[in-house]
Structures are given as C-alpha cells and as structure tokens.
Amino acid sequence: MILIIIFGISLFAAFTGYTVGWGVAAGGVIVGGGILWLVYHKTEVVFDRPSNLLTVRKTMLHGTCEETIPLDDVRQADVDLKRNERSNNRLHASYTYRLCVVTGATQNRYRVALSHGYTTSKRHLLTAQKINDWLGAPDAPIAAGPSMADISEIISALGFGKAK
C-alpha cells in the first residue's frame, strides 16, 4: 500500500515537471516487481483416485514445479508445526501450521508440503483430517509430535548443541 502511494506521488511529481519523480516512480516499479516476484505463488493439489496419483503443482512467477506421487505411497496427511517466535510464553506456546502429506515406508518417511509457507490459521488441521478420511486413514495422528523448535531447544538444554 505504501509503495502504491509513493508511486502515485512520484508520477504526479513527474507529470508536473520534476524529473526526480520519474526516478522514484521507476524505483517503485522495480521494488514492487521484485517483491511480487518473490511472493506470488499458487499451489494446486489434485488427489486423483482413478489414476492413483497425487499431483502437487506449484506455480510462481519464475516457473512451475510439479511433483507426482502414487496414492499408494501416501500414508496420511499431517500438519507441520513451527513455534511462533513472537510467542514468549513457554508454557502455552503458539504455533504456525503447514499442511503436508507423509509418504514412504516406515523406515523412509518423507513429508511433502501441500501449502506454501506456514500460517497461524488452524484450518490446516481440519483439511488434514478431511484428507485422511478420504485416504481411509481417519485415525492417523495429526500434529501430534513436537515442533522442530521444541526439539532444538531440548537438544541445546541437554548440551548436544553446537559449541559456542
């Protein structure tokens, strides 16, 4: 929003005869385009039972990445937890969530993210449950394990972290 206001003021200055306005307007376009390049994303997830495939297609301004996984390899949907760094309450930490599916054999589990980044919305928990119901795994645990931040804190507390 601020970039749009600066861009508008710069164009006004440029049209009224100030040459610096063109430079600021061009800078705003370049910065805004760069931010859009980094931020824009669209994720499409297709569970296709007739072809027995899960397709995850991620489209960004700089290209498309597609991953295809046989549905037989998908064990369950789950939610990755990440402790919210802004929460300084250790007893009742708040988390951010990311939807994923778990694939592979027991010894070789692999997590495939279905959403782009983490969010504070708990809707991923409900979505994971609906996917598990569809997959025939209604009792699969969702977001049951500790987050990576919790594991890192435990490792440091036990003295197994990197030497400082």
# chains A, B, ... in the order shown; residues from 1 in each chain; ligands from 1

$ residues_around --residues "region 132-144 of chain A" --least-positions-apart "3" --cutoff "12 Å" --atoms "only C-alpha atoms" --output "VMD selection string"
chain A and resid 47 to 49 52 to 54 71 to 82 95 to 102 122 124 to 129 147 to 148

$ select_by_dssp --residues "region 52-163 of chain A" --states "alpha helix (DSSP H)" --output "number ranges by chain"
A: 123-135, 148-157

$ write_last_selection --atoms "N, CA, C and O atoms" --output "CSV table (one decimal), in the first residue's frame"
chain,number,residue,atom,x,y,z
A,123,ARG,N,-6.9,-24.0,10.0
A,123,ARG,CA,-7.7,-24.7,9.0
A,123,ARG,C,-7.0,-25.9,8.4
A,123,ARG,O,-7.6,-26.8,7.9
A,124,HIS,N,-5.6,-25.8,8.5
A,124,HIS,CA,-4.8,-27.0,8.0
A,124,HIS,C,-5.1,-28.2,8.8
A,124,HIS,O,-5.1,-29.3,8.3
A,125,LEU,N,-5.4,-28.1,10.1
A,125,LEU,CA,-5.8,-29.3,10.9
A,125,LEU,C,-7.0,-30.0,10.4
A,125,LEU,O,-7.1,-31.2,10.3
A,126,LEU,N,-8.1,-29.2,10.1
A,126,LEU,CA,-9.3,-29.7,9.6
A,126,LEU,C,-9.1,-30.3,8.2
A,126,LEU,O,-9.6,-31.4,7.9
A,127,THR,N,-8.3,-29.6,7.3
A,127,THR,CA,-8.1,-30.1,6.0
A,127,THR,C,-7.3,-31.4,6.0
A,127,THR,O,-7.7,-32.4,5.3
A,128,ALA,N,-6.3,-31.5,6.9
A,128,ALA,CA,-5.6,-32.8,7.1
A,128,ALA,C,-6.6,-33.9,7.5
A,128,ALA,O,-6.4,-35.0,7.0
A,129,GLN,N,-7.5,-33.6,8.4
A,129,GLN,CA,-8.4,-34.7,8.8
A,129,GLN,C,-9.3,-35.1,7.7
A,129,GLN,O,-9.6,-36.3,7.5
A,130,LYS,N,-9.8,-34.1,6.9
A,130,LYS,CA,-10.6,-34.5,5.7
A,130,LYS,C,-9.9,-35.3,4.7
A,130,LYS,O,-10.4,-36.3,4.1
A,131,ILE,N,-8.6,-35.0,4.4
A,131,ILE,CA,-7.8,-35.8,3.5
A,131,ILE,C,-7.6,-37.2,4.1
A,131,ILE,O,-7.7,-38.2,3.3
A,132,ASN,N,-7.3,-37.3,5.4
A,132,ASN,CA,-7.1,-38.6,6.0
A,132,ASN,C,-8.4,-39.5,5.9
A,132,ASN,O,-8.3,-40.7,5.6
A,133,ASP,N,-9.6,-38.8,6.0
A,133,ASP,CA,-10.8,-39.5,5.9
A,133,ASP,C,-10.9,-40.1,4.4
A,133,ASP,O,-11.3,-41.2,4.2
A,134,TRP,N,-10.6,-39.2,3.5
A,134,TRP,CA,-10.7,-39.6,2.1
A,134,TRP,C,-9.7,-40.7,1.7
A,134,TRP,O,-10.0,-41.6,0.9
A,135,LEU,N,-8.5,-40.7,2.4
A,135,LEU,CA,-7.5,-41.7,2.1
A,135,LEU,C,-7.8,-43.0,2.8
A,135,LEU,O,-7.2,-44.0,2.6
A,148,MET,N,10.0,-28.6,15.4
A,148,MET,CA,11.5,-28.5,15.3
A,148,MET,C,12.1,-27.6,16.3
A,148,MET,O,13.2,-27.8,16.8
A,149,ALA,N,11.4,-26.5,16.6
A,149,ALA,CA,11.9,-25.6,17.6
A,149,ALA,C,12.0,-26.2,19.0
A,149,ALA,O,12.9,-26.0,19.8
A,150,ASP,N,11.0,-27.1,19.3
A,150,ASP,CA,11.0,-27.8,20.6
A,150,ASP,C,12.1,-28.8,20.6
A,150,ASP,O,12.8,-28.9,21.7
A,151,ILE,N,12.4,-29.5,19.6
A,151,ILE,CA,13.5,-30.5,19.5
A,151,ILE,C,14.8,-29.7,19.6
A,151,ILE,O,15.7,-30.2,20.4
A,152,SER,N,15.0,-28.6,19.0
A,152,SER,CA,16.2,-27.9,19.0
A,152,SER,C,16.5,-27.4,20.4
A,152,SER,O,17.6,-27.4,20.9
A,153,GLU,N,15.4,-26.9,21.1
A,153,GLU,CA,15.6,-26.4,22.5
A,153,GLU,C,16.0,-27.5,23.4
A,153,GLU,O,16.8,-27.4,24.3
A,154,ILE,N,15.4,-28.7,23.2
A,154,ILE,CA,15.7,-29.9,24.1
A,154,ILE,C,17.2,-30.3,23.9
A,154,ILE,O,17.9,-30.5,24.8
A,155,ILE,N,17.6,-30.3,22.6
A,155,ILE,CA,19.0,-30.7,22.3
A,155,ILE,C,20.0,-29.7,22.9
A,155,ILE,O,21.0,-30.1,23.5
A,156,SER,N,19.7,-28.4,22.8
A,156,SER,CA,20.5,-27.4,23.4
A,156,SER,C,20.6,-27.5,25.0
A,156,SER,O,21.6,-27.4,25.6
A,157,ALA,N,19.4,-27.8,25.6
A,157,ALA,CA,19.3,-27.9,27.0
A,157,ALA,C,20.1,-29.1,27.5
A,157,ALA,O,20.7,-29.1,28.6

$ select_by_dssp --residues "region 26-142 of chain A" --states "strand (DSSP E)" --output "PyMOL selection string"
chain A and resi 41-48+53-60+63-70+74-83+95-103+110-113

$ closest_residue --among "A:Leu61, A:Tyr118, A:Leu158, A:Gly34" --to "Arg83 (chain A)" --atoms "only C-alpha atoms"
A:Tyr118

$ atom_distance --atom1 "CA of Val45 (chain A)" --atom2 "CA of Val112 (chain A)"
11.3 Å

$ decode --residues "region 104-142 of chain A" --atoms "N, CA and C atoms" --output "mmCIF file, in the first residue's frame"
data_model
loop_
_atom_site.group_PDB
_atom_site.id
_atom_site.type_symbol
_atom_site.label_atom_id
_atom_site.label_comp_id
_atom_site.auth_asym_id
_atom_site.auth_seq_id
_atom_site.Cartn_x
_atom_site.Cartn_y
_atom_site.Cartn_z
ATOM 1 N N GLY A 104 6.005 -42.840 1.861
ATOM 2 C CA GLY A 104 7.122 -43.755 2.040
ATOM 3 C C GLY A 104 6.884 -44.826 3.080
ATOM 4 N N ALA A 105 7.843 -45.752 3.149
ATOM 5 C CA ALA A 105 7.794 -46.851 4.109
ATOM 6 C C ALA A 105 8.158 -46.326 5.496
ATOM 7 N N THR A 106 7.931 -47.141 6.514
ATOM 8 C CA THR A 106 8.163 -46.732 7.896
ATOM 9 C C THR A 106 9.586 -46.240 8.126
ATOM 10 N N GLN A 107 10.569 -46.906 7.553
ATOM 11 C CA GLN A 107 11.958 -46.523 7.755
ATOM 12 C C GLN A 107 12.370 -45.332 6.902
ATOM 13 N N ASN A 108 11.570 -44.961 5.924
ATOM 14 C CA ASN A 108 11.966 -43.926 4.989
ATOM 15 C C ASN A 108 10.819 -42.941 4.756
ATOM 16 N N ARG A 109 10.334 -42.336 5.807
ATOM 17 C CA ARG A 109 9.223 -41.388 5.685
ATOM 18 C C ARG A 109 9.697 -40.094 5.025
ATOM 19 N N TYR A 110 8.810 -39.496 4.254
ATOM 20 C CA TYR A 110 9.108 -38.256 3.557
ATOM 21 C C TYR A 110 7.875 -37.362 3.667
ATOM 22 N N ARG A 111 8.075 -36.096 3.996
ATOM 23 C CA ARG A 111 6.969 -35.151 4.142
ATOM 24 C C ARG A 111 6.968 -34.204 2.941
ATOM 25 N N VAL A 112 5.831 -34.119 2.271
ATOM 26 C CA VAL A 112 5.673 -33.245 1.111
ATOM 27 C C VAL A 112 4.717 -32.119 1.494
ATOM 28 N N ALA A 113 5.209 -30.899 1.468
ATOM 29 C CA ALA A 113 4.378 -29.736 1.820
ATOM 30 C C ALA A 113 3.318 -29.508 0.745
ATOM 31 N N LEU A 114 2.075 -29.326 1.186
ATOM 32 C CA LEU A 114 0.982 -29.034 0.258
ATOM 33 C C LEU A 114 0.621 -27.559 0.252
ATOM 34 N N SER A 115 1.093 -26.819 1.237
ATOM 35 C CA SER A 115 0.806 -25.388 1.294
ATOM 36 C C SER A 115 2.120 -24.621 1.261
ATOM 37 N N HIS A 116 2.045 -23.396 0.839
ATOM 38 C CA HIS A 116 3.242 -22.572 0.705
ATOM 39 C C HIS A 116 3.454 -21.812 2.013
ATOM 40 N N GLY A 117 4.452 -22.191 2.758
ATOM 41 C CA GLY A 117 4.765 -21.491 3.998
ATOM 42 C C GLY A 117 3.842 -21.867 5.141
ATOM 43 N N TYR A 118 4.122 -21.292 6.279
ATOM 44 C CA TYR A 118 3.355 -21.536 7.490
ATOM 45 C C TYR A 118 2.343 -20.417 7.697
ATOM 46 N N THR A 119 1.240 -20.737 8.376
ATOM 47 C CA THR A 119 0.207 -19.755 8.669
ATOM 48 C C THR A 119 -0.311 -19.975 10.086
ATOM 49 N N THR A 120 -0.890 -18.952 10.662
ATOM 50 C CA THR A 120 -1.451 -19.080 12.009
ATOM 51 C C THR A 120 -2.848 -19.700 11.992
ATOM 52 N N SER A 121 -3.428 -19.847 10.821
ATOM 53 C CA SER A 121 -4.767 -20.420 10.704
ATOM 54 C C SER A 121 -4.736 -21.918 11.002
ATOM 55 N N LYS A 122 -5.672 -22.362 11.825
ATOM 56 C CA LYS A 122 -5.749 -23.779 12.171
ATOM 57 C C LYS A 122 -6.556 -24.581 11.149
ATOM 58 N N ARG A 123 -6.917 -23.973 10.042
ATOM 59 C CA ARG A 123 -7.714 -24.682 9.029
ATOM 60 C C ARG A 123 -6.963 -25.875 8.447
ATOM 61 N N HIS A 124 -5.622 -25.845 8.519
ATOM 62 C CA HIS A 124 -4.840 -26.977 8.021
ATOM 63 C C HIS A 124 -5.133 -28.245 8.817
ATOM 64 N N LEU A 125 -5.449 -28.109 10.097
ATOM 65 C CA LEU A 125 -5.779 -29.279 10.916
ATOM 66 C C LEU A 125 -7.044 -29.951 10.400
ATOM 67 N N LEU A 126 -8.060 -29.153 10.099
ATOM 68 C CA LEU A 126 -9.320 -29.683 9.561
ATOM 69 C C LEU A 126 -9.113 -30.277 8.167
ATOM 70 N N THR A 127 -8.322 -29.586 7.333
ATOM 71 C CA THR A 127 -8.061 -30.089 5.987
ATOM 72 C C THR A 127 -7.328 -31.418 6.042
ATOM 73 N N ALA A 128 -6.347 -31.537 6.936
ATOM 74 C CA ALA A 128 -5.604 -32.804 7.075
ATOM 75 C C ALA A 128 -6.553 -33.927 7.492
ATOM 76 N N GLN A 129 -7.487 -33.642 8.390
ATOM 77 C CA GLN A 129 -8.441 -34.671 8.818
ATOM 78 C C GLN A 129 -9.339 -35.096 7.656
ATOM 79 N N LYS A 130 -9.777 -34.142 6.850
ATOM 80 C CA LYS A 130 -10.630 -34.479 5.697
ATOM 81 C C LYS A 130 -9.855 -35.319 4.669
ATOM 82 N N ILE A 131 -8.588 -34.980 4.441
ATOM 83 C CA ILE A 131 -7.769 -35.768 3.511
ATOM 84 C C ILE A 131 -7.584 -37.180 4.059
ATOM 85 N N ASN A 132 -7.313 -37.297 5.360
ATOM 86 C CA ASN A 132 -7.133 -38.620 5.967
ATOM 87 C C ASN A 132 -8.404 -39.456 5.867
ATOM 88 N N ASP A 133 -9.553 -38.823 6.047
ATOM 89 C CA ASP A 133 -10.825 -39.537 5.872
ATOM 90 C C ASP A 133 -10.940 -40.057 4.438
ATOM 91 N N TRP A 134 -10.585 -39.220 3.466
ATOM 92 C CA TRP A 134 -10.668 -39.598 2.055
ATOM 93 C C TRP A 134 -9.684 -40.721 1.741
ATOM 94 N N LEU A 135 -8.492 -40.673 2.366
ATOM 95 C CA LEU A 135 -7.477 -41.702 2.141
ATOM 96 C C LEU A 135 -7.797 -43.020 2.849
ATOM 97 N N GLY A 136 -8.758 -43.000 3.756
ATOM 98 C CA GLY A 136 -9.086 -44.201 4.520
ATOM 99 C C GLY A 136 -8.213 -44.362 5.755
ATOM 100 N N ALA A 137 -7.682 -43.252 6.267
ATOM 101 C CA ALA A 137 -6.862 -43.271 7.481
ATOM 102 C C ALA A 137 -7.419 -42.272 8.487
ATOM 103 N N PRO A 138 -8.699 -42.459 8.908
ATOM 104 C CA PRO A 138 -9.337 -41.448 9.755
ATOM 105 C C PRO A 138 -8.715 -41.310 11.149
ATOM 106 N N ASP A 139 -7.990 -42.320 11.618
ATOM 107 C CA ASP A 139 -7.410 -42.263 12.961
ATOM 108 C C ASP A 139 -5.940 -41.866 12.962
ATOM 109 N N ALA A 140 -5.405 -41.440 11.818
ATOM 110 C CA ALA A 140 -3.996 -41.037 11.748
ATOM 111 C C ALA A 140 -3.774 -39.796 12.610
ATOM 112 N N PRO A 141 -2.712 -39.793 13.413
ATOM 113 C CA PRO A 141 -2.456 -38.623 14.274
ATOM 114 C C PRO A 141 -2.060 -37.405 13.449
ATOM 115 N N ILE A 142 -2.573 -36.254 13.831
ATOM 116 C CA ILE A 142 -2.292 -35.002 13.130
ATOM 117 C C ILE A 142 -1.636 -34.031 14.112
#
